[in-house]
>>> print(open('entry.csv').read())   # CSV, C-alpha atoms
chain,number,residue,atom,x,y,z
A,1,MET,CA,11.2,-0.7,12.2
A,2,ASN,CA,7.9,-0.6,10.2
A,3,ILE,CA,6.3,-3.9,9.0
A,4,ILE,CA,3.5,-3.7,6.5
A,5,ILE,CA,0.8,-6.5,6.8
A,6,THR,CA,-1.9,-6.6,4.1
A,7,SER,CA,-5.3,-6.6,5.8
A,8,THR,CA,-9.0,-7.0,4.9
A,9,GLY,CA,-10.2,-4.6,7.6
A,10,ASP,CA,-9.0,-1.5,9.6
A,11,ASN,CA,-8.5,-3.1,13.0
A,12,THR,CA,-6.3,-5.8,14.5
A,13,ASP,CA,-9.1,-8.3,14.6
A,14,ALA,CA,-9.4,-8.2,10.8
A,15,VAL,CA,-8.3,-11.2,8.7
A,16,PHE,CA,-5.1,-11.0,6.8
A,17,ASP,CA,-5.5,-10.2,3.1
A,18,LYS,CA,-3.6,-12.6,0.9
A,19,ARG,CA,-3.5,-10.2,-2.0
A,20,PHE,CA,-0.7,-7.7,-2.1
A,21,ALA,CA,-1.5,-4.7,-4.2
A,22,ARG,CA,-5.3,-5.3,-4.2
A,23,ALA,CA,-5.5,-5.5,-0.4
A,24,GLN,CA,-8.2,-3.5,1.3
A,25,TYR,CA,-5.9,-2.0,4.0
A,26,PHE,CA,-2.3,-1.9,5.0
A,27,CYS,CA,-1.5,-2.4,8.6
A,28,VAL,CA,1.7,-0.5,9.5
A,29,TYR,CA,3.1,-2.2,12.5
A,30,ASN,CA,5.9,-0.4,14.3
A,31,THR,CA,8.1,-2.9,16.2
A,32,ASP,CA,9.7,-0.2,18.4
A,33,THR,CA,6.5,1.3,19.8
A,34,ARG,CA,4.4,-1.9,19.2
A,35,THR,CA,1.6,0.0,17.7
A,36,ALA,CA,-0.4,-0.8,14.6
A,37,GLN,CA,-1.8,1.9,12.3
A,38,PHE,CA,-4.2,1.2,9.4
A,39,ILE,CA,-4.0,2.8,6.0
A,40,SER,CA,-6.7,2.3,3.4
A,41,ASN,CA,-5.4,1.2,0.0
A,42,THR,CA,-6.8,3.9,-2.3
A,43,SER,CA,-5.4,2.4,-5.4
A,44,ASN,CA,-6.9,-1.1,-5.1
A,45,ASN,CA,-9.5,-0.5,-7.8
A,46,ASN,CA,-7.2,0.8,-10.4
A,47,ALA,CA,-7.1,-1.4,-13.5
A,48,THR,CA,-3.4,-1.4,-14.1
A,49,CYS,CA,0.0,-0.6,-12.6
A,50,ILE,CA,-1.3,-1.0,-9.0
A,51,GLY,CA,1.9,-2.8,-8.0
A,52,ASP,CA,4.0,0.2,-8.9
A,53,THR,CA,1.8,2.6,-7.0
A,54,VAL,CA,1.6,0.4,-3.9
A,55,VAL,CA,5.4,-0.2,-3.9
A,56,ASP,CA,5.9,3.5,-4.0
A,57,LYS,CA,3.6,3.9,-1.0
A,58,ILE,CA,5.4,1.2,0.9
A,59,ILE,CA,8.8,2.9,0.3
A,60,ASP,CA,7.2,6.2,1.5
A,61,LEU,CA,6.1,4.5,4.7
A,62,LYS,CA,9.8,3.5,5.3
A,63,ALA,CA,8.8,-0.2,5.7
A,64,SER,CA,11.6,-2.8,5.9
A,65,LYS,CA,9.3,-5.8,5.7
A,66,VAL,CA,6.1,-6.6,3.9
A,67,ILE,CA,3.9,-9.6,4.9
A,68,SER,CA,1.4,-10.7,2.3
A,69,GLY,CA,0.0,-13.9,0.6
A,70,ASP,CA,1.8,-13.5,-2.7
A,71,PHE,CA,4.0,-11.1,-4.7
A,72,GLY,CA,4.0,-10.9,-8.5
A,73,SER,CA,7.2,-11.0,-10.4
A,74,LYS,CA,7.1,-7.2,-11.2
A,75,VAL,CA,6.5,-6.3,-7.5
A,76,LYS,CA,9.2,-8.7,-6.4
A,77,GLU,CA,11.7,-7.0,-8.6
A,78,LEU,CA,10.7,-3.5,-7.3
A,79,LEU,CA,10.8,-4.5,-3.7
A,80,ASP,CA,14.1,-6.3,-4.2
A,81,LYS,CA,15.5,-3.1,-5.6
A,82,ALA,CA,14.2,-1.1,-2.6
A,83,ASN,CA,15.8,-3.6,-0.2
A,84,ILE,CA,12.4,-4.5,1.3
A,85,GLN,CA,12.1,-8.0,2.7
A,86,MET,CA,9.1,-10.0,1.5
A,87,ILE,CA,7.3,-12.6,3.6
A,88,ILE,CA,4.7,-15.0,2.3
A,89,LEU,CA,2.4,-16.6,4.9
A,90,PRO,CA,1.2,-20.1,4.3
A,91,ASN,CA,-1.9,-19.8,6.5
A,92,THR,CA,-4.1,-17.1,5.2
A,93,GLU,CA,-7.0,-17.3,7.7
A,94,GLU,CA,-5.1,-15.6,10.5
A,95,THR,CA,-6.0,-12.3,12.0
A,96,ILE,CA,-3.6,-9.3,12.1
A,97,THR,CA,-3.2,-9.8,15.9
A,98,GLN,CA,-2.2,-13.4,15.4
A,99,ILE,CA,0.4,-12.4,12.9
A,100,ILE,CA,1.7,-9.5,15.0
A,101,ASN,CA,2.1,-12.0,17.9
A,102,LYS,CA,4.3,-14.2,15.7
A,103,ILE,CA,6.8,-11.4,15.0
A,104,LYS,CA,9.8,-11.6,17.2
B,1,MET,CA,22.6,-46.4,-10.9
B,2,PRO,CA,20.6,-43.9,-13.1
B,3,ARG,CA,22.2,-40.7,-14.0
B,4,GLN,CA,21.3,-37.8,-11.7
B,5,ARG,CA,18.5,-35.5,-12.9
B,6,ARG,CA,19.5,-32.1,-14.0
B,7,LEU,CA,17.6,-29.5,-12.1
B,8,ARG,CA,14.9,-27.8,-14.1
B,9,LYS,CA,15.0,-24.0,-13.8
B,10,VAL,CA,11.7,-22.5,-12.7
B,11,VAL,CA,11.3,-18.7,-12.9
B,12,ALA,CA,8.5,-18.4,-10.2
B,13,PRO,CA,6.7,-21.1,-8.3
B,14,PRO,CA,3.0,-21.5,-8.9
B,15,LYS,CA,0.9,-18.9,-7.1
B,16,PHE,CA,-1.3,-21.5,-5.5
B,17,ARG,CA,-0.8,-24.5,-3.4
B,18,GLY,CA,-3.5,-26.5,-5.1
B,19,PHE,CA,-6.8,-26.7,-6.9
B,20,LYS,CA,-9.9,-28.5,-5.6
B,21,PRO,CA,-12.9,-29.6,-7.7
B,22,TYR,CA,-16.3,-28.5,-6.3
B,23,GLY,CA,-19.8,-29.9,-6.9
B,24,THR,CA,-18.5,-33.5,-6.7
B,25,SER,CA,-19.0,-36.3,-4.2
B,26,ASN,CA,-15.6,-37.8,-4.9
B,27,SER,CA,-13.9,-36.2,-1.9
B,28,SER,CA,-11.9,-39.2,-0.7
B,29,ALA,CA,-9.7,-39.5,-3.8
B,30,THR,CA,-6.1,-38.6,-3.2
B,31,ALA,CA,-4.6,-35.5,-4.7
B,32,ILE,CA,-2.5,-35.4,-7.9
B,33,GLU,CA,0.9,-34.0,-7.4
B,34,LEU,CA,1.8,-31.4,-10.0
B,35,LEU,CA,5.5,-30.7,-9.9
B,36,TYR,CA,6.8,-27.1,-10.1
B,37,GLU,CA,8.7,-27.9,-13.3
B,38,GLU,CA,5.5,-29.4,-14.8
B,39,TYR,CA,3.6,-26.3,-14.0
B,40,GLU,CA,6.4,-24.2,-15.5
B,41,ALA,CA,6.4,-26.3,-18.7
B,42,LEU,CA,2.7,-25.9,-19.1
B,43,LYS,CA,2.9,-22.2,-18.5
B,44,LEU,CA,5.8,-21.6,-20.9
B,45,ALA,CA,4.2,-23.7,-23.7
B,46,ASP,CA,0.5,-22.9,-23.4
B,47,TYR,CA,0.3,-19.6,-21.6
B,48,ASP,CA,3.5,-17.8,-22.8
B,49,MET,CA,3.1,-19.5,-26.2
B,50,MET,CA,6.7,-20.4,-26.5
B,51,ASN,CA,7.9,-23.2,-28.7
B,52,HIS,CA,9.5,-26.2,-27.0
B,53,LYS,CA,13.0,-25.3,-28.1
B,54,GLU,CA,12.9,-21.8,-26.5
B,55,ALA,CA,11.1,-23.1,-23.4
B,56,SER,CA,13.6,-25.9,-22.9
B,57,GLU,CA,16.5,-23.5,-23.0
B,58,LEU,CA,14.8,-21.3,-20.4
B,59,MET,CA,14.4,-24.3,-18.2
B,60,ASN,CA,18.0,-25.5,-18.8
B,61,VAL,CA,17.0,-28.9,-20.1
B,62,SER,CA,17.1,-30.5,-23.5
B,63,ARG,CA,14.1,-30.1,-25.9
B,64,ALA,CA,13.3,-33.8,-25.5
B,65,THR,CA,13.3,-33.6,-21.7
B,66,PHE,CA,11.1,-30.5,-21.9
B,67,ALA,CA,8.6,-32.4,-24.1
B,68,ARG,CA,8.5,-35.2,-21.5
B,69,ILE,CA,7.9,-32.8,-18.6
B,70,TYR,CA,5.2,-31.0,-20.6
B,71,GLU,CA,3.6,-34.3,-21.6
B,72,SER,CA,3.5,-35.4,-17.9
B,73,ALA,CA,2.0,-32.1,-16.9
B,74,ARG,CA,-0.8,-32.4,-19.5
B,75,ARG,CA,-1.5,-36.0,-18.5
B,76,LYS,CA,-1.8,-35.1,-14.9
B,77,MET,CA,-4.1,-32.2,-15.6
B,78,ALA,CA,-6.3,-34.4,-17.7
B,79,GLN,CA,-6.3,-37.1,-15.1
B,80,ALA,CA,-7.3,-34.6,-12.4
B,81,LEU,CA,-10.2,-33.2,-14.5
B,82,VAL,CA,-11.6,-36.6,-15.5
B,83,GLU,CA,-11.2,-38.3,-12.1
B,84,THR,CA,-12.3,-35.0,-10.3
B,85,ARG,CA,-9.2,-35.1,-8.2
B,86,GLU,CA,-7.5,-32.4,-6.3
B,87,ILE,CA,-4.3,-30.9,-7.7
B,88,LYS,CA,-1.5,-30.1,-5.3
B,89,THR,CA,1.8,-28.5,-6.3
B,90,VAL,CA,5.0,-30.1,-5.0
B,91,TYR,CA,8.5,-29.1,-5.4
B,92,GLY,CA,9.9,-31.8,-7.7
B,93,ASN,CA,13.3,-31.4,-9.3
B,94,ALA,CA,13.2,-27.7,-9.7
B,95,GLU,CA,15.7,-25.0,-9.2
B,96,MET,CA,14.3,-21.6,-8.4
B,97,ASP,CA,15.5,-18.5,-10.2
B,98,GLU,CA,14.6,-16.4,-7.2
B,99,SER,CA,16.1,-16.4,-3.8
B,100,TRP,CA,13.2,-17.5,-1.5
B,101,HIS,CA,13.8,-19.1,1.8
B,102,LEU,CA,11.5,-21.3,3.9
B,103,CYS,CA,11.2,-21.3,7.6
B,104,ASN,CA,10.7,-24.8,9.0
B,105,ASP,CA,9.0,-23.5,12.2
B,106,CYS,CA,6.4,-21.0,11.0
B,107,HIS,CA,6.4,-22.2,7.3
B,108,ALA,CA,6.6,-18.6,6.0
B,109,ARG,CA,8.5,-18.0,2.8
B,110,PHE,CA,10.7,-14.9,2.7
B,111,THR,CA,13.5,-13.2,0.9
B,112,ILE,CA,16.7,-11.9,2.5
B,113,PRO,CA,17.7,-8.6,0.9
B,114,PRO,CA,21.4,-7.7,1.0
B,115,SER,CA,20.6,-5.0,3.6
B,116,ALA,CA,19.1,-7.4,6.1
B,117,ASN,CA,21.3,-7.8,9.2
B,118,SER,CA,20.1,-11.3,10.1
B,119,GLN,CA,19.9,-14.6,8.2
B,120,ASN,CA,17.1,-15.8,10.5
B,121,CYS,CA,13.5,-16.2,9.6
B,122,ALA,CA,12.0,-12.8,9.0
B,123,LEU,CA,8.9,-13.5,10.9
B,124,CYS,CA,9.7,-15.7,14.0
B,125,SER,CA,13.5,-15.2,14.0
B,126,SER,CA,14.0,-19.0,13.9
B,127,THR,CA,17.3,-20.3,12.7
B,128,ASN,CA,15.7,-23.4,11.3
B,129,ILE,CA,15.4,-22.1,7.7
B,130,GLU,CA,16.3,-23.5,4.3
B,131,SER,CA,16.7,-22.1,0.9
B,132,ILE,CA,14.0,-23.1,-1.6
B,133,LYS,CA,16.8,-23.4,-4.1
B,134,LYS,CA,17.5,-27.1,-3.9
>>> encode(input="entry.csv", output="structure tokens")
Amino acid sequence: MNIIITSTGDNTDAVFDKRFARAQYFCVYNTDTRTAQFISNTSNNNATCIGDTVVDKIIDLKASKVISGDFGSKVKELLDKANIQMIILPNTEETITQIINKIK
Amino acid sequence: MPRQRRLRKVVAPPKFRGFKPYGTSNSSATAIELLYEEYEALKLADYDMMNHKEASELMNVSRATFARIYESARRKMAQALVETREIKTVYGNAEMDESWHLCNDCHARFTIPPSANSQNCALCSSTNIESIKK
């Protein structure tokens, strides 16, 4: 199962990014192989409709959960439709490693 | 005994947990608690530019009650600005339109899509969860 975590950097020591569509990187964590892969968010500088583009990307990555700091109403609707679970973290100063360690 | 309060419908909770003034020495003052329904009333009336009648219908309360919630929101905002106090958002008597859940162990908020095979916390698998729909 793939879990997407929004990240500010391309390694597991990077701090979690609380923005969803404008995150710098997406960490794709595979719970079966326990490996993390980082994908740069190429659309984070677009002016509009970033949510749609990013949701499409997440569907392509076959993720079943997305961890971020917030989801807009449009994005929530799209992710709900795609049956992707959204998780909002209260503490946004954690690193990717700390978040991965919480996943059970 | 007073009549029970009707739950105010809130489309989405505020996207912040609070606001803090900066450039002030008044750091010891206690925070002002802005209720979710007050935030929603302020948003509907002053951001979405709805009239009170439409907004009250959306929030499932009477127009007069909406006006009272809105008034309370405005007063709290003014008080926070003048007294340079922090604003914190608290739940209040709201009813969420969306289906968010809260984990009492890791404090993460999450949704449970119909395809999910567990009703536990999506992050830490704790069973100690509650629905934010109160």
>>> residues_around(input="entry.csv", residues="stretch 5-8 of chain A", least_positions_apart="2", cutoff="8 Å", atoms="only C-alpha atoms", output="mmCIF file with C-alpha atoms, in the frame of the given file")
data_model
loop_
_atom_site.group_PDB
_atom_site.id
_atom_site.type_symbol
_atom_site.label_atom_id
_atom_site.label_comp_id
_atom_site.auth_asym_id
_atom_site.auth_seq_id
_atom_site.Cartn_x
_atom_site.Cartn_y
_atom_site.Cartn_z
ATOM 1 C CA ILE A 3 6.300 -3.900 9.000
ATOM 2 C CA ASP A 10 -9.000 -1.500 9.600
ATOM 3 C CA ALA A 14 -9.400 -8.200 10.800
ATOM 4 C CA VAL A 15 -8.300 -11.200 8.700
ATOM 5 C CA PHE A 16 -5.100 -11.000 6.800
ATOM 6 C CA ASP A 17 -5.500 -10.200 3.100
ATOM 7 C CA LYS A 18 -3.600 -12.600 0.900
ATOM 8 C CA ARG A 19 -3.500 -10.200 -2.000
ATOM 9 C CA PHE A 20 -0.700 -7.700 -2.100
ATOM 10 C CA ALA A 23 -5.500 -5.500 -0.400
ATOM 11 C CA GLN A 24 -8.200 -3.500 1.300
ATOM 12 C CA TYR A 25 -5.900 -2.000 4.000
ATOM 13 C CA PHE A 26 -2.300 -1.900 5.000
ATOM 14 C CA CYS A 27 -1.500 -2.400 8.600
ATOM 15 C CA VAL A 28 1.700 -0.500 9.500
ATOM 16 C CA TYR A 29 3.100 -2.200 12.500
ATOM 17 C CA VAL A 66 6.100 -6.600 3.900
ATOM 18 C CA ILE A 67 3.900 -9.600 4.900
ATOM 19 C CA SER A 68 1.400 -10.700 2.300
ATOM 20 C CA ILE A 96 -3.600 -9.300 12.100
#
>>> residues_around(input="entry.csv", residues="B:Arg63", least_positions_apart="4", cutoff="10 Å", atoms="all atoms listed in the file", output="list in words")
Asn51, His52, Lys53, Glu54, Ala55, Ser56, Glu57, Met59, Ala67, Arg68 and Ile69 of chain B
>>> closest_residue(input="entry.csv", among="B:Glu95, B:Asp105, B:Ala29, B:Lys15", to="chain A", atoms="all atoms listed in the file")
B:Lys15
>>> interface_residues(input="entry.csv", of="chain A", to="chain B", cutoff="7 Å", atoms="all atoms listed in the file", output="ChimeraX atom specification")
/A:80,83-90,102-104
>>> write_last_selection(input="entry.csv", atoms="C-alpha atoms", output="compact mmCIF listing (two decimals), in the frame of the given file")
# COMPACT_ATOMS: atom_id res chain seq x y z
CA ASP A 80 14.10 -6.30 -4.20
CA ASN A 83 15.80 -3.60 -0.20
CA ILE A 84 12.40 -4.50 1.30
CA GLN A 85 12.10 -8.00 2.70
CA MET A 86 9.10 -10.00 1.50
CA ILE A 87 7.30 -12.60 3.60
CA ILE A 88 4.70 -15.00 2.30
CA LEU A 89 2.40 -16.60 4.90
CA PRO A 90 1.20 -20.10 4.30
CA LYS A 102 4.30 -14.20 15.70
CA ILE A 103 6.80 -11.40 15.00
CA LYS A 104 9.80 -11.60 17.20
>>> closest_residue(input="entry.csv", among="A:Ala21, A:Asp60, A:Thr95, A:Asp32", to="A:Ala47", atoms="all atoms listed in the file")
A:Ala21
>>> closest_residue(input="entry.csv", among="A:Asn30, A:Asp70, A:Glu77, A:Asn11", to="A:Asp52", atoms="all atoms listed in the file")
A:Glu77
>>> atom_distance(input="entry.csv", atom1="atom CA of B:Tyr91", atom2="atom CA of B:Tyr39")
10.3 Å
>>> atom_distance(input="entry.csv", atom1="atom CA of A:Met1", atom2="atom CA of A:Ala36")
11.8 Å
>>> closest_residue(input="entry.csv", among="B:Ala94, B:Lys88, B:Glu83, B:Gln119", to="B:Lys9", atoms="all atoms listed in the file")
B:Ala94
>>> atom_distance(input="entry.csv", atom1="atom CA of B:Val10", atom2="atom CA of B:Val90")
12.7 Å
>>> closest_residue(input="entry.csv", among="A:Ile4, A:Leu61, A:Val75, A:Ile99", to="A:Cys49", atoms="all atoms listed in the file")
A:Val75
>>> closest_residue(input="entry.csv", among="B:Thr84, B:Ser72, B:Asn60, B:Gln79", to="B:Pro21", atoms="all atoms listed in the file")
B:Thr84
>>> residues_near_point(input="entry.csv", point="(15.6, -22.9, 8.7)", cutoff="6 Å", atoms="only C-alpha atoms", output="list in words")
Cys103, Asn104, Thr127, Asn128, Ile129 and Glu130 of chain B
>>> write_last_selection(input="entry.csv", atoms="C-alpha atoms", output="compact mmCIF listing (two decimals), in the frame of the given file")
# COMPACT_ATOMS: atom_id res chain seq x y z
CA CYS B 103 11.20 -21.30 7.60
CA ASN B 104 10.70 -24.80 9.00
CA THR B 127 17.30 -20.30 12.70
CA ASN B 128 15.70 -23.40 11.30
CA ILE B 129 15.40 -22.10 7.70
CA GLU B 130 16.30 -23.50 4.30
>>> decode(input="entry.csv", residues="stretch 79-131 of chain B", atoms="C-alpha atoms", output="PDB file, in the first residue's frame")
ATOM      1  CA  GLN B  79     -11.631  42.362  21.167  1.00  0.00           C
ATOM      2  CA  ALA B  80      -8.708  40.255  19.975  1.00  0.00           C
ATOM      3  CA  LEU B  81      -7.394  43.072  17.763  1.00  0.00           C
ATOM      4  CA  VAL B  82      -7.756  45.830  20.351  1.00  0.00           C
ATOM      5  CA  GLU B  83      -6.459  43.828  23.287  1.00  0.00           C
ATOM      6  CA  THR B  84      -3.758  42.149  21.097  1.00  0.00           C
ATOM      7  CA  ARG B  85      -4.877  38.735  22.163  1.00  0.00           C
ATOM      8  CA  GLU B  86      -4.345  35.428  20.489  1.00  0.00           C
ATOM      9  CA  ILE B  87      -7.310  33.829  18.706  1.00  0.00           C
ATOM     10  CA  LYS B  88      -7.891  30.132  19.080  1.00  0.00           C
ATOM     11  CA  THR B  89     -10.515  28.161  17.243  1.00  0.00           C
ATOM     12  CA  VAL B  90     -12.614  25.797  19.340  1.00  0.00           C
ATOM     13  CA  TYR B  91     -15.366  23.459  18.390  1.00  0.00           C
ATOM     14  CA  GLY B  92     -18.449  25.117  19.946  1.00  0.00           C
ATOM     15  CA  ASN B  93     -21.930  23.868  19.026  1.00  0.00           C
ATOM     16  CA  ALA B  94     -21.114  22.982  15.471  1.00  0.00           C
ATOM     17  CA  GLU B  95     -22.082  20.066  13.319  1.00  0.00           C
ATOM     18  CA  MET B  96     -19.699  19.227  10.509  1.00  0.00           C
ATOM     19  CA  ASP B  97     -20.928  18.730   7.012  1.00  0.00           C
ATOM     20  CA  GLU B  98     -17.986  16.492   6.271  1.00  0.00           C
ATOM     21  CA  SER B  99     -17.068  13.199   7.772  1.00  0.00           C
ATOM     22  CA  TRP B 100     -13.826  13.857   9.627  1.00  0.00           C
ATOM     23  CA  HIS B 101     -12.672  11.706  12.511  1.00  0.00           C
ATOM     24  CA  LEU B 102     -10.223  12.522  15.251  1.00  0.00           C
ATOM     25  CA  CYS B 103      -7.753  10.106  16.845  1.00  0.00           C
ATOM     26  CA  ASN B 104      -7.394  10.694  20.577  1.00  0.00           C
ATOM     27  CA  ASP B 105      -3.935   9.096  20.658  1.00  0.00           C
ATOM     28  CA  CYS B 106      -2.012  10.780  17.837  1.00  0.00           C
ATOM     29  CA  HIS B 107      -4.460  13.710  17.393  1.00  0.00           C
ATOM     30  CA  ALA B 108      -4.559  13.252  13.631  1.00  0.00           C
ATOM     31  CA  ARG B 109      -7.756  14.029  11.757  1.00  0.00           C
ATOM     32  CA  PHE B 110      -8.744  11.703   8.964  1.00  0.00           C
ATOM     33  CA  THR B 111     -11.556  10.540   6.714  1.00  0.00           C
ATOM     34  CA  ILE B 112     -12.767   6.980   6.377  1.00  0.00           C
ATOM     35  CA  PRO B 113     -13.598   6.275   2.733  1.00  0.00           C
ATOM     36  CA  PRO B 114     -16.149   3.523   2.031  1.00  0.00           C
ATOM     37  CA  SER B 115     -13.384   1.292   0.652  1.00  0.00           C
ATOM     38  CA  ALA B 116     -11.361   1.388   3.885  1.00  0.00           C
ATOM     39  CA  ASN B 117     -11.325  -1.983   5.579  1.00  0.00           C
ATOM     40  CA  SER B 118     -10.715  -0.700   9.075  1.00  0.00           C
ATOM     41  CA  GLN B 119     -12.475   1.817  11.264  1.00  0.00           C
ATOM     42  CA  ASN B 120      -9.309   2.509  13.266  1.00  0.00           C
ATOM     43  CA  CYS B 121      -7.068   5.557  13.146  1.00  0.00           C
ATOM     44  CA  ALA B 122      -5.519   5.798   9.684  1.00  0.00           C
ATOM     45  CA  LEU B 123      -2.132   6.685  11.110  1.00  0.00           C
ATOM     46  CA  CYS B 124      -1.510   4.795  14.342  1.00  0.00           C
ATOM     47  CA  SER B 125      -4.322   2.186  14.061  1.00  0.00           C
ATOM     48  CA  SER B 126      -5.629   3.243  17.453  1.00  0.00           C
ATOM     49  CA  THR B 127      -9.229   2.353  18.211  1.00  0.00           C
ATOM     50  CA  ASN B 128      -9.571   5.430  20.412  1.00  0.00           C
ATOM     51  CA  ILE B 129     -11.176   7.614  17.760  1.00  0.00           C
ATOM     52  CA  GLU B 130     -14.188   9.883  17.680  1.00  0.00           C
ATOM     53  CA  SER B 131     -16.194  11.479  14.947  1.00  0.00           C
TER      54      SER B 131
END
